[in-house]
$ cat my_file.txt   # compact mmCIF, C-alpha atoms
# COMPACT_ATOMS: atom_id res chain seq x y z
CA MET A 1173 0.00 0.00 0.00
CA SER A 1174 1.33 3.44 -0.90
CA PRO A 1175 1.91 5.80 2.02
CA ALA A 1176 -0.52 8.63 2.51
CA ILE A 1177 0.47 11.97 1.02
CA PRO A 1178 1.67 14.25 3.85
CA PRO A 1179 -1.01 16.86 4.57
CA ASP A 1180 1.37 19.80 4.16
CA ILE A 1181 1.87 18.99 0.46
CA VAL A 1182 -0.33 21.30 -1.59
CA SER A 1183 2.06 22.12 -4.46
CA LEU A 1184 4.86 20.45 -6.37
CA ALA A 1185 7.48 22.42 -4.46
CA ASP A 1186 6.19 20.94 -1.20
CA TYR A 1187 7.21 17.48 -2.38
CA GLU A 1188 10.94 18.28 -2.59
CA PRO A 1189 11.94 18.22 1.11
CA HIS A 1190 9.87 15.09 1.73
CA ALA A 1191 11.41 13.40 -1.31
CA ARG A 1192 14.94 14.28 -0.28
CA ARG A 1193 14.43 12.70 3.13
CA ARG A 1194 12.87 9.57 1.63
CA MET A 1195 15.47 8.94 -1.06
CA GLY A 1196 18.65 9.85 0.85
CA GLU A 1197 21.61 11.88 -0.34
CA ASN A 1198 23.00 9.32 -2.82
CA ALA A 1199 19.83 9.25 -4.91
CA TRP A 1200 19.19 12.95 -4.33
CA SER A 1201 22.54 13.91 -5.87
CA TYR A 1202 21.56 12.04 -9.02
CA ILE A 1203 17.97 13.27 -9.29
CA ALA A 1204 18.53 16.90 -8.27
CA GLY A 1205 21.88 17.56 -9.91
CA GLY A 1206 22.63 19.53 -13.05
CA ALA A 1207 25.63 20.16 -15.25
CA ALA A 1208 28.67 22.02 -13.90
CA ASP A 1209 27.57 25.07 -11.84
CA GLU A 1210 23.87 24.25 -12.37
CA ARG A 1211 23.01 27.70 -13.72
CA THR A 1212 20.86 26.33 -16.54
CA LEU A 1213 19.13 24.04 -14.05
CA ALA A 1214 18.15 27.09 -11.98
CA GLU A 1215 17.22 29.17 -15.03
CA ASN A 1216 14.66 26.62 -16.22
CA GLN A 1217 12.45 27.60 -13.29
CA ALA A 1218 13.54 31.23 -12.96
CA ALA A 1219 12.61 32.05 -16.55
CA PHE A 1220 9.06 30.84 -16.02
CA ALA A 1221 8.81 33.03 -12.92
CA ARG A 1222 9.75 36.11 -14.95
CA LEU A 1223 6.77 35.64 -17.27
CA ARG A 1224 3.56 37.23 -16.02
CA LEU A 1225 -0.03 36.63 -17.03
CA ASN A 1226 -3.00 38.70 -18.16
CA GLY A 1227 -6.08 37.90 -16.14
CA ARG A 1228 -9.32 38.13 -18.12
CA VAL A 1229 -12.81 38.26 -16.64
CA LEU A 1230 -16.36 37.17 -17.49
CA ALA A 1231 -15.35 34.73 -20.24
CA ASP A 1232 -17.90 32.11 -21.29
CA LEU A 1233 -16.32 28.84 -20.09
CA ALA A 1234 -19.22 26.54 -20.92
CA GLY A 1235 -17.85 23.19 -22.13
CA ALA A 1236 -14.29 24.03 -21.14
CA HIS A 1237 -11.77 21.18 -21.37
CA THR A 1238 -8.07 20.39 -21.76
CA ARG A 1239 -8.29 17.66 -24.41
CA LEU A 1240 -5.93 17.47 -27.38
CA GLU A 1241 -4.70 15.09 -30.04
CA LEU A 1242 -1.04 14.31 -30.66
CA PHE A 1243 0.18 11.95 -33.38
CA GLY A 1244 -3.28 10.42 -33.68
CA GLN A 1245 -3.54 9.84 -29.92
CA ARG A 1246 -6.33 11.49 -27.92
CA LEU A 1247 -5.07 12.90 -24.61
CA ASP A 1248 -7.14 14.29 -21.74
CA HIS A 1249 -4.61 17.01 -21.02
CA PRO A 1250 -1.22 18.30 -22.27
CA ILE A 1251 0.90 17.09 -19.33
CA LEU A 1252 3.13 14.07 -20.02
CA VAL A 1253 5.59 12.20 -17.83
CA ALA A 1254 9.12 12.91 -19.06
CA PRO A 1255 11.63 10.08 -19.54
CA THR A 1256 13.80 9.66 -16.46
CA ALA A 1257 16.06 6.79 -15.48
CA PHE A 1258 16.20 4.25 -12.66
CA HIS A 1259 12.85 4.65 -10.90
CA ARG A 1260 13.69 1.72 -8.61
CA LEU A 1261 16.30 4.04 -7.14
CA LEU A 1262 13.32 5.85 -5.58
CA HIS A 1263 10.65 3.21 -5.05
CA PRO A 1264 10.73 -0.61 -5.04
CA ASP A 1265 7.99 -0.82 -7.69
CA GLY A 1266 9.97 1.50 -9.97
CA GLU A 1267 8.49 2.41 -13.32
CA VAL A 1268 5.44 0.20 -12.73
CA ALA A 1269 4.39 2.53 -9.90
CA THR A 1270 5.00 5.52 -12.15
CA VAL A 1271 2.97 4.17 -15.05
CA VAL A 1272 0.10 3.21 -12.73
CA GLY A 1273 0.08 6.71 -11.25
CA ALA A 1274 0.22 8.28 -14.71
CA GLY A 1275 -2.61 6.05 -15.87
CA ALA A 1276 -4.81 7.21 -13.02
CA LEU A 1277 -4.64 10.71 -14.52
CA ARG A 1278 -4.71 9.42 -18.12
CA ALA A 1279 -1.30 11.01 -18.61
CA ALA A 1280 0.92 9.78 -21.42
CA MET A 1281 4.32 8.58 -20.21
CA VAL A 1282 7.65 8.48 -21.99
CA VAL A 1283 9.57 5.45 -20.71
CA SER A 1284 13.35 5.83 -20.53
CA ALA A 1285 15.71 3.41 -22.23
CA GLN A 1286 17.44 3.48 -18.83
CA ALA A 1287 14.36 2.25 -17.01
CA SER A 1288 15.06 -0.13 -14.16
CA LEU A 1289 12.30 -2.54 -15.25
CA PRO A 1290 11.73 -4.26 -18.60
CA LEU A 1291 9.88 -2.07 -21.07
CA GLU A 1292 7.36 -4.89 -21.63
CA ALA A 1293 6.50 -5.10 -17.92
CA ILE A 1294 5.88 -1.35 -17.82
CA ALA A 1295 3.68 -1.48 -20.91
CA ALA A 1296 1.59 -4.28 -19.38
CA ARG A 1297 0.40 -1.88 -16.64
CA ALA A 1298 -0.26 1.17 -18.80
CA ALA A 1299 -3.70 2.81 -18.91
CA ALA A 1300 -2.68 5.72 -21.15
CA PRO A 1301 -0.43 6.11 -24.21
CA LEU A 1302 3.20 5.10 -23.76
CA TRP A 1303 6.12 6.45 -25.76
CA PHE A 1304 9.63 5.00 -25.67
CA GLN A 1305 12.71 7.17 -25.21
CA LEU A 1306 15.84 5.97 -26.95
CA TYR A 1307 19.53 6.73 -26.59
CA VAL A 1308 21.39 5.63 -29.71
CA GLN A 1309 23.73 2.90 -28.45
CA PRO A 1310 27.28 2.34 -29.71
CA ASP A 1311 26.06 -0.88 -31.33
CA ARG A 1312 23.46 0.27 -33.86
CA ASN A 1313 22.06 -3.24 -34.30
CA PHE A 1314 21.26 -3.35 -30.58
CA THR A 1315 19.66 0.09 -30.91
CA HIS A 1316 17.42 -1.07 -33.72
CA ALA A 1317 16.48 -4.24 -31.83
CA LEU A 1318 15.40 -2.08 -28.90
CA VAL A 1319 13.12 -0.12 -31.22
CA ARG A 1320 11.55 -3.40 -32.40
CA ARG A 1321 10.93 -4.40 -28.78
CA ALA A 1322 9.15 -1.12 -28.14
CA GLU A 1323 7.03 -1.56 -31.24
CA ALA A 1324 6.06 -5.11 -30.23
CA ALA A 1325 5.15 -3.98 -26.71
CA GLY A 1326 2.71 -1.38 -28.05
CA TYR A 1327 4.60 1.85 -27.53
CA ALA A 1328 2.93 4.56 -29.60
CA ALA A 1329 5.87 6.85 -30.42
CA LEU A 1330 9.67 6.90 -30.37
CA VAL A 1331 11.49 9.76 -28.61
CA VAL A 1332 15.18 10.00 -29.47
CA THR A 1333 17.30 11.99 -27.03
CA VAL A 1334 19.83 13.88 -29.14
CA ASP A 1335 21.56 16.22 -26.69
CA ALA A 1336 23.52 14.00 -24.32
CA PRO A 1337 26.61 12.47 -25.92
CA VAL A 1338 28.66 13.58 -22.91
CA SER A 1339 28.11 15.64 -19.76
CA LEU A 1340 29.75 16.77 -16.53
CA ARG A 1341 27.72 16.69 -13.31
CA ASN A 1342 29.83 17.87 -10.40
CA ARG A 1343 27.25 17.17 -7.71
CA GLU A 1344 27.31 13.45 -8.53
CA GLN A 1345 31.10 13.45 -8.54
CA ARG A 1346 31.27 15.15 -5.14
CA SER A 1347 28.77 12.73 -3.59
CA GLY A 1348 30.36 9.67 -5.15
CA PHE A 1349 27.00 8.60 -6.58
CA ARG A 1350 26.64 4.88 -7.28
CA LEU A 1351 23.62 2.82 -8.27
CA PRO A 1352 22.70 0.49 -5.42
CA PRO A 1353 22.74 -3.28 -5.95
CA GLY A 1354 19.77 -4.50 -7.94
CA VAL A 1355 19.19 -1.23 -9.82
CA GLU A 1356 20.36 -1.10 -13.42
CA ALA A 1357 19.25 -0.16 -16.93
CA VAL A 1358 17.80 -3.61 -17.56
CA ASN A 1359 16.71 -2.87 -21.13
CA LEU A 1360 20.32 -2.13 -22.06
CA ARG A 1361 21.62 -5.33 -20.51
CA GLY A 1362 23.89 -7.10 -22.98
CA ALA A 1363 24.40 -4.05 -25.20
CA PRO A 1364 27.80 -4.48 -26.88
CA GLN A 1365 30.26 -1.75 -26.01
CA PRO A 1366 33.13 -0.64 -28.23
CA ALA A 1367 36.46 -2.06 -27.29
CA ALA A 1368 38.37 0.18 -24.93
CA GLN A 1369 41.12 2.07 -26.66
CA PRO A 1370 43.88 3.57 -24.56
CA VAL A 1371 44.09 7.34 -24.67
CA ALA A 1372 47.51 8.86 -24.19
CA GLN A 1373 47.93 11.46 -21.47
CA HIS A 1374 48.24 14.24 -24.04
CA GLU A 1375 45.13 13.12 -25.99
CA SER A 1376 41.54 14.21 -25.42
CA GLU A 1377 39.49 11.82 -23.30
CA VAL A 1378 36.37 13.44 -24.79
CA PHE A 1379 37.12 13.56 -28.52
CA ALA A 1380 39.40 10.53 -28.73
CA GLY A 1381 37.44 8.49 -26.19
CA LEU A 1382 33.89 9.22 -25.07
CA LEU A 1383 32.56 10.49 -28.41
CA ARG A 1384 33.89 7.77 -30.69
CA ALA A 1385 30.45 6.16 -31.08
CA ALA A 1386 28.26 9.26 -30.62
CA ALA A 1387 25.07 9.55 -32.68
CA THR A 1388 24.85 11.81 -35.74
CA TRP A 1389 22.10 12.92 -38.11
CA ALA A 1390 22.76 9.75 -40.10
CA ASP A 1391 21.36 7.77 -37.15
CA ILE A 1392 18.14 9.79 -37.24
CA ASP A 1393 17.85 9.08 -40.96
CA ALA A 1394 18.30 5.36 -40.24
CA LEU A 1395 15.70 5.36 -37.46
CA ARG A 1396 13.24 7.16 -39.69
CA ARG A 1397 13.63 4.40 -42.27
CA LEU A 1398 13.41 1.70 -39.60
CA THR A 1399 10.17 2.48 -37.80
CA PRO A 1400 6.69 3.65 -38.77
CA LEU A 1401 6.15 5.04 -35.27
CA PRO A 1402 5.89 8.81 -34.84
CA LEU A 1403 9.47 9.99 -34.31
CA LEU A 1404 10.27 12.85 -31.93
CA LEU A 1405 13.67 14.42 -31.27
CA LYS A 1406 14.27 15.48 -27.66
CA GLY A 1407 16.96 18.05 -26.93
CA ILE A 1408 16.27 20.70 -29.57
CA MET A 1409 17.31 24.19 -28.44
CA THR A 1410 17.90 26.14 -31.68
CA PRO A 1411 15.82 26.93 -34.78
CA ALA A 1412 18.57 25.49 -36.99
CA ASP A 1413 18.43 22.09 -35.30
CA ALA A 1414 14.63 22.20 -35.34
CA LEU A 1415 14.60 22.68 -39.10
CA ARG A 1416 17.26 20.01 -39.59
CA GLY A 1417 15.17 17.63 -37.53
CA ILE A 1418 12.13 18.21 -39.71
CA GLU A 1419 14.27 17.55 -42.79
CA ALA A 1420 15.32 14.25 -41.22
CA GLY A 1421 11.69 13.21 -40.94
CA ALA A 1422 10.89 14.04 -37.31
CA ASP A 1423 7.16 14.11 -36.59
CA GLY A 1424 7.65 16.21 -33.46
CA LEU A 1425 10.32 18.09 -31.52
CA ILE A 1426 10.87 18.43 -27.79
CA VAL A 1427 12.47 21.70 -26.74
CA SER A 1428 14.69 20.50 -23.91
CA ASN A 1429 18.05 21.17 -22.31
CA HIS A 1430 17.89 17.82 -20.50
CA GLY A 1431 16.76 19.47 -17.30
CA GLY A 1432 20.00 21.44 -17.17
CA ARG A 1433 21.97 18.20 -16.91
CA VAL A 1434 24.18 18.26 -20.03
CA LEU A 1435 25.42 21.76 -20.94
CA ASP A 1436 25.53 24.54 -18.39
CA GLY A 1437 25.11 28.04 -19.77
CA GLN A 1438 22.25 27.25 -22.12
CA PRO A 1439 19.11 29.37 -21.90
CA ALA A 1440 16.01 28.08 -20.19
CA THR A 1441 13.79 26.02 -22.47
CA ILE A 1442 10.93 28.52 -22.19
CA GLU A 1443 13.33 31.21 -23.47
CA ALA A 1444 14.37 29.07 -26.44
CA LEU A 1445 10.83 28.08 -27.36
CA PRO A 1446 9.51 31.22 -29.13
CA ALA A 1447 12.25 31.37 -31.79
CA ILE A 1448 11.92 27.66 -32.47
CA ALA A 1449 8.15 27.98 -32.77
CA ARG A 1450 8.52 30.81 -35.29
CA ALA A 1451 10.99 28.81 -37.38
CA VAL A 1452 8.89 25.63 -37.34
CA GLY A 1453 5.71 27.52 -38.17
CA GLY A 1454 3.38 24.74 -37.08
CA ARG A 1455 4.82 22.08 -39.40
CA VAL A 1456 5.23 19.63 -36.52
CA PRO A 1457 4.09 19.74 -32.89
CA LEU A 1458 6.49 21.21 -30.36
CA LEU A 1459 6.67 19.93 -26.80
CA LEU A 1460 8.72 21.36 -23.94
CA ASP A 1461 10.31 20.14 -20.74
CA GLY A 1462 12.47 21.75 -18.09
CA GLY A 1463 11.28 23.80 -15.12
CA ILE A 1464 7.58 22.86 -15.12
CA ARG A 1465 6.47 23.30 -11.50
CA ARG A 1466 3.04 24.96 -11.76
CA GLY A 1467 -0.01 24.77 -13.97
CA THR A 1468 0.72 28.38 -14.88
CA ASP A 1469 4.03 27.15 -16.34
CA VAL A 1470 2.07 24.80 -18.58
CA LEU A 1471 -0.12 27.70 -19.70
CA LYS A 1472 2.93 29.87 -20.46
CA ALA A 1473 4.56 27.11 -22.52
CA LEU A 1474 1.39 26.61 -24.56
CA ALA A 1475 1.08 30.37 -25.05
CA LEU A 1476 4.57 30.47 -26.58
CA GLY A 1477 4.09 27.63 -29.03
CA ALA A 1478 4.20 24.27 -27.25
CA ARG A 1479 1.40 21.75 -27.79
CA ALA A 1480 2.22 19.88 -24.57
CA VAL A 1481 4.79 19.72 -21.77
CA LEU A 1482 6.67 17.00 -19.94
CA ALA A 1483 7.31 16.88 -16.18
CA GLY A 1484 10.38 15.08 -14.91
CA ARG A 1485 11.80 15.77 -11.46
CA PRO A 1486 8.40 16.56 -9.82
CA VAL A 1487 7.10 13.14 -10.90
CA LEU A 1488 10.15 11.52 -9.32
CA HIS A 1489 9.55 13.47 -6.11
CA GLY A 1490 5.98 12.17 -6.05
CA LEU A 1491 7.20 8.63 -6.71
CA ALA A 1492 9.70 8.79 -3.83
CA VAL A 1493 7.11 10.11 -1.39
CA GLY A 1494 3.99 8.18 -2.33
CA GLY A 1495 4.62 5.66 -5.09
CA ALA A 1496 1.84 5.51 -7.66
CA THR A 1497 -0.37 7.69 -5.46
CA GLY A 1498 2.32 10.36 -5.29
CA VAL A 1499 2.79 10.35 -9.07
CA ALA A 1500 -0.97 10.70 -9.60
CA HIS A 1501 -1.13 13.52 -7.05
CA VAL A 1502 1.68 15.47 -8.74
CA LEU A 1503 -0.08 15.22 -12.09
CA LYS A 1504 -3.45 16.10 -10.54
CA LEU A 1505 -1.98 19.24 -8.97
CA LEU A 1506 -0.52 20.33 -12.31
CA ARG A 1507 -3.72 19.67 -14.22
CA THR A 1508 -5.92 21.45 -11.67
CA GLU A 1509 -3.61 24.46 -11.63
CA LEU A 1510 -3.67 24.55 -15.44
CA GLU A 1511 -7.46 24.51 -15.47
CA ILE A 1512 -7.60 27.34 -12.93
CA ALA A 1513 -5.06 29.35 -14.95
CA MET A 1514 -7.10 28.81 -18.13
CA ALA A 1515 -10.27 29.97 -16.41
CA GLN A 1516 -8.56 33.05 -14.98
CA THR A 1517 -7.15 34.02 -18.39
CA GLY A 1518 -10.41 33.39 -20.25
CA CYS A 1519 -9.35 30.27 -22.16
CA ALA A 1520 -11.99 27.56 -22.43
CA THR A 1521 -9.80 25.21 -24.51
CA LEU A 1522 -6.13 24.71 -25.23
CA GLY A 1523 -6.70 26.16 -28.68
CA ALA A 1524 -7.78 29.43 -27.10
CA ILE A 1525 -4.40 29.87 -25.39
CA SER A 1526 -2.33 32.44 -27.29
CA PRO A 1527 0.55 34.84 -26.61
CA GLY A 1528 -2.13 37.27 -25.47
CA VAL A 1529 -2.36 35.52 -22.10
CA LEU A 1530 1.14 36.82 -21.34
CA TRP A 1531 1.47 40.29 -19.82
CA ARG A 1532 3.67 42.70 -21.77
CA PRO A 1533 4.93 46.01 -20.35
CA GLU A 1534 3.70 47.92 -23.39
CA ALA A 1535 0.16 46.61 -22.83
CA ALA A 1536 0.11 48.20 -19.36
CA ALA A 1537 0.15 51.66 -20.96
CA TRP A 1538 -3.42 51.26 -22.25
$ encode --input "my_file.txt" --output "structure tokens"
Amino acid sequence: MSPAIPPDIVSLADYEPHARRRMGENAWSYIAGGAADERTLAENQAAFARLRLNGRVLADLAGAHTRLELFGQRLDHPILVAPTAFHRLLHPDGEVATVVGAGALRAAMVVSAQASLPLEAIAARAAAPLWFQLYVQPDRNFTHALVRRAEAAGYAALVVTVDAPVSLRNREQRSGFRLPPGVEAVNLRGAPQPAAQPVAQHESEVFAGLLRAAATWADIDALRRLTPLPLLLKGIMTPADALRGIEAGADGLIVSNHGGRVLDGQPATIEALPAIARAVGGRVPLLLDGGIRRGTDVLKALALGARAVLAGRPVLHGLAVGGATGVAHVLKLLRTELEIAMAQTGCATLGAISPGVLWRPEAAAW
């Protein structure tokens, strides 16, 4: 039985201290950490806070709803569970608890290739659409076999993370983070690794070592030929990469800086979104992750061009505190706050959300 949600939790931020106590410092360093000095990690939330809203009154909200369709899939709301690794690090039921909690809110979930349970076992408990997140592995045959497993298990879309060939997370280094016994990326078990090649002291460990088998645009071309599933690229932060992704056959793009975990000094995702939306011009759906902590954040992302958002760390906080119940509660809080924000800005449907819900200094002069 999942523990009761502590009564002092009434927002996503309230989950953090409870989650930190439940998971301990080893897991916390992994979940909470960002790249280098963690400035981009902080900016993902700070940039949302700088955006203000225009309240509108007396709107006719009869028949209001948050439904949408993405890639032929009908969703009750635009809040998805982002792909995150090793859920058994936080709860013994791992990703099964997460997918059950997501299903209770009819929230689509993107399952990580680094899940700590088999992708088939997770799919067996799903009550809402599941997408599969893929890291291109050094052995491309193994990568393609993993895609076939996801197809056979009923996953409805493929999300390829494109922004994480290498990273530097100092918090994990300082804490000496290690996965505990019994927690591993089980779906990558047996993946062939390139033979280790010695790197001389004067050579680059990054360019001559870590990046030897990194993915390129040729891998996206190959995946597009391989699978009929909708293909999304996660990690797009510039208009140029967005347009290149569409050329490669992407059906959707996720504006993401990996939660601030791969390259410090990038802008917040909500800051990068408007230029990407202008360049894409509606040719494919845009989604966004990074910094979503309130339903008003969801509204702001939709106002600037996103069709949906993904929540990562808050879902993990809910999982650590309350298992499936905690995950469902996190998603319920976000959805309820979104509905309130829509009502207060006069938007009866997601299609009614426009840049006009955002307050601009020049508008205050009227």
$ axis_aligned_box --input "my_file.txt" --around "region 1213-1229 of chain A" --padding-each-side "4 Å" --output "lines of an AutoDock Vina configuration file"
center_x = 3.2
center_y = 31.4
center_z = -15.1
size_x = 39.9
size_y = 22.7
size_z = 14.2
$ residues_near_point --input "my_file.txt" --point "(2.3, 9.2, 2.0)" --cutoff "6 Å" --atoms "only C-alpha atoms" --output "PDB file with C-alpha atoms, keeping the file's coordinate frame"
ATOM      1  CA  PRO A1175       1.910   5.800   2.020  1.00  0.00           C
ATOM      2  CA  ALA A1176      -0.520   8.630   2.510  1.00  0.00           C
ATOM      3  CA  ILE A1177       0.470  11.970   1.020  1.00  0.00           C
ATOM      4  CA  PRO A1178       1.670  14.250   3.850  1.00  0.00           C
ATOM      5  CA  VAL A1493       7.110  10.110  -1.390  1.00  0.00           C
ATOM      6  CA  GLY A1494       3.990   8.180  -2.330  1.00  0.00           C
TER       7      GLY A1494
END
$ closest_residue --input "my_file.txt" --among "A:Val1182, A:Ala1420, A:Leu1247, A:Val1271" --to "Gly1495 (chain A)" --atoms "all atoms listed in the file"
A:Val1271
$ closest_residue --input "my_file.txt" --among "A:Arg1465, A:Gly1244, A:Gly1206, A:Lys1472" --to "Leu1522 (chain A)" --atoms "only C-alpha atoms"
A:Lys1472
$ atom_distance --input "my_file.txt" --atom1 "CA of Pro1179 (chain A)" --atom2 "CA of Gly1275 (chain A)"
23.2 Å
$ residues_around --input "my_file.txt" --residues "region 1223-1230 of chain A" --least-positions-apart "5" --cutoff "8 Å" --atoms "all atoms listed in the file" --output "ChimeraX atom specification"
/A:1472,1516-1518,1528-1532
$ residues_around --input "my_file.txt" --residues "His1489 (chain A)" --least-positions-apart "5" --cutoff "10 Å" --atoms "all atoms listed in the file" --output "list in words"
Leu1184, Ala1185, Asp1186, Tyr1187, Glu1188, Pro1189, His1190, Ala1191, Arg1192, Arg1194, Met1195, Trp1200, Ile1203, Ala1204, Leu1262, Gly1484, Gly1494, Gly1495, Gly1498, Val1499 and Val1502 of chain A
$ atom_distance --input "my_file.txt" --atom1 "CA of Ala1279 (chain A)" --atom2 "CA of Pro1457 (chain A)"
17.6 Å
